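Structure record follows, encoded as C-alpha cells.
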Amino acid sequence: MNTKVWVVDKSVNKSHIYPQVKEAAEVLKQNELVAFPTETVYGLGANSTSDEAVKKIYEAKGRPSDNPLIIHISDIAEVEKFVTHIPETAKKLMETFWPGPLTIVLTKKSGVLSKVATANLSTVAIRMPEHPIALALIEASGLPIAAPSANISGKPSPTKFSHVEHDLTGKIAGIINGGDTGVGVESTVIDCTSEIPTILRPGGISKEAIEAIIGAVDVDQAVKQAVINPKSPGMKYKHYAPSATMYLVNGSKNYIQHLISQYQSEGKKVGVLTTEENASFYHADIINVCGKRSDLSTVAQRLYDTLRLFDQQHVDIILSEVFPPQGIGSAIMNRLMKAANHQIMTEK
Ligand code: AMP
Ligand code: MG
C-alpha cells in the first residue's frame, strides 16, 4: 500500500491547515487508516463506527483483539452520544482536563460504536486531545475516531513522524507529519463507572492533579504492582520494549557503573539510559541522555525516542536509571517497567 504523507505545521491557524487535514479526513471517512500527531504520542486513527475500519488498526499494529481502543472526539458535547450516563466525577474531569491527556472510561451506549473498537466490553474509553491537528482532523471527519498509538504493538510508542514512518509505511493509507508530540507519554486512563474512580494507567495527567479536583481515587492493582512489586509472576506483558534486554537499576551511580563493567567483561555492548545530571559519570559503550532529572516532563518527552535509539545502536544490554514515581514520574516508571519486562536490579 502506498502511504501518503501530509506535512502540516501545527503552529499556523486552523484555516491554513484545513486543506491537507480535510484530505486526510476524507481518507478516514473511506474507512482507511490515518496516523496523526496528538499532544501525547502519534495516534493511528480509524472510523470507530465501522468494524471494517477498526479491524485495519489491529491488523496494521499486530494488536491483540482483546485490547480496546480509545475513542477520540473534538467536542465535549459528543460524549453523550456514546455513553448511557455521565457521572458527576467524569463531568468535573472533562471540564478541568479536556482537551488534554486524560481518557475517561464510561458505560457504553450499545449500537453506536464498533464492537471491535471496544473489544466487546460494556464500557468505552473516551478522550478529547489537545492538539490543533488532531482536533481539526476529528472535526473535519465528523466521526468519533478510534486511535491507539501509531506503532507496531509491543514497540515504544511514536513521538516523532520518523517513528510512525518506520513502523507503518506501506501498512496504512496516510500519515500527517505534524512534528514532534508534546507530553511524550500516553494519556492517563481513569475508570469513572464506579463511585470512586480508578486510575487504570498513569499518564499525562497526574493522580495528584486529579485528586485536587474530585478527591481520593483508587489505583488499579496492575499499576501498583508495576511499581511496588515488579517481580510479580503474572506480569509477562511486554510493551514499549526495545530489542535489547533491559534492566532498571535501583541503586547508586557507582552500582550502575559496576554493572556496566561486569557486562562489558562478558563481551556485551552496554547502553545506559540516564539524564543530563548523571551522564558524564558513566563509562559505557552507549550513553543516551533522556531529559533532565530536575524536570521529569523532559524525561517523559524524550523517553520513547531514547528507547528507539538503542535499537539503532545495536546494544546487547540496556541499564536504565529509575525515577521517583510521583506526578509524571509515575507514568515514566510504568512505561520503563513494561519496557524492561519488569526486570529490576536493586543495590543491596
Ligand atoms: P493505547 O491507545 O494503545 O495507548 O491504549 C489504550 C489503553 O486504554 C489501553 O491500556 C486499553 O486497555 C485502555 N482501554 C481502552 N478502552 C478501555 C475500556 N473500555 N476499559 C478499560 N480500559 C480501556
Ligand atoms: Mg499503545
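Each chain of the C-alpha cells is named A, B, ... in the order shown, its residues numbered from 1; ligands are numbered from 1 in display order.
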
### Message
List as number ranges by chain the protein and nucleic acid residues lying within 6 Å of ligand 1, with only C-alpha atoms and all ligand atoms counted.
### Response
A: 67-70, 105, 118, 123-125, 148-149, 186

### Query
Mind listing the residues within 9 Å of ligand 2, only C-alpha atoms and all ligand atoms counted, as a list in words?
Val41, Gly43, Arg63, Pro148, Ser149, Ala150, Asn151, Ile152, Ser153, Gly154, Lys155, Pro156, Ser157, Pro158, Glu186, His239 and Tyr240 of chain A

### Which of stretch 113-318 of chain A DSSP labels strand (DSSP E or B), written as number ranges by chain
A: 123-127, 145-146, 149, 174-177, 188-191, 198-201, 218-219, 245-250, 270-274, 286-289, 292, 295, 317-318

### Message
Given only C-alpha atoms as the basis, pick out the residue of A:Val217, A:Ile196, A:Ala90, A:Leu319 nearest to A:His258.
### Response
A:Leu319

### Task
Find the residues near A:Asp311: any atom within 10 Å, counting only C-alpha atoms, skip ones fewer than 4 places away on the same chain, and give them as number ranges by chain.
A: 241-244, 306-307, 315-316

Dump C-alpha atoms for the selected residues as a PDB file, in the first residue's frame?
```
ATOM      1  CA  ALA A 241      10.187  -2.579  24.591  1.00  0.00           C
ATOM      2  CA  PRO A 242      13.474  -2.023  22.767  1.00  0.00           C
ATOM      3  CA  SER A 243      15.101  -5.090  21.152  1.00  0.00           C
ATOM      4  CA  ALA A 244      17.919  -5.405  23.697  1.00  0.00           C
ATOM      5  CA  THR A 306      15.570   7.241  23.623  1.00  0.00           C
ATOM      6  CA  LEU A 307      14.294   3.654  23.781  1.00  0.00           C
ATOM      7  CA  VAL A 315      23.357  -2.696  22.156  1.00  0.00           C
ATOM      8  CA  ASP A 316      23.060  -6.084  23.919  1.00  0.00           C
TER       9      ASP A 316
END
```

### Query
Distance atom CA of A:Met246-atom CA of A:Gly271, one decimal place?
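Computing it gives 9.3 Å between the two atoms.
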
### Message
Applying 10 Å and only C-alpha atoms, which residues near A:Lys348 remain after dropping the ones on its own chain fewer than 5 positions away? List them as a PyMOL selection string.
### Response
chain A and resi 250-251+255

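Counting only C-alpha atoms, A:Gln257 has the following residues at most 12 Å away, ignoring those fewer than 2 positions along the same chain: A:Val249, A:Gly251, A:Ser252, A:Lys253, A:Asn254, A:Tyr255, A:Leu259, A:Ile260, A:Ser261, A:Gln262, A:Tyr263, A:Gln264, A:Val270, A:Gly271, A:Val272, A:Thr274, A:Asn278, A:Ala279, A:Ser280, A:Phe281, A:Tyr282, A:His283, A:Ala284, A:Asp285, A:Ile287, A:Leu319, A:Ser320, A:Glu321, A:Glu347.
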
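The spacing separating atom CA of A:Leu135 from atom CA of A:Thr193 amounts to 25.9 Å.
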
### Message
Env of A:Lys22: 8 Å cut, atoms = only C-alpha atoms, seq-sep filter 3 positions within chain, self excluded. Answer as a list in words.
### Response
Tyr18, Pro19, Ala25, Glu26, Leu137, Ala140 and Ser141 of chain A
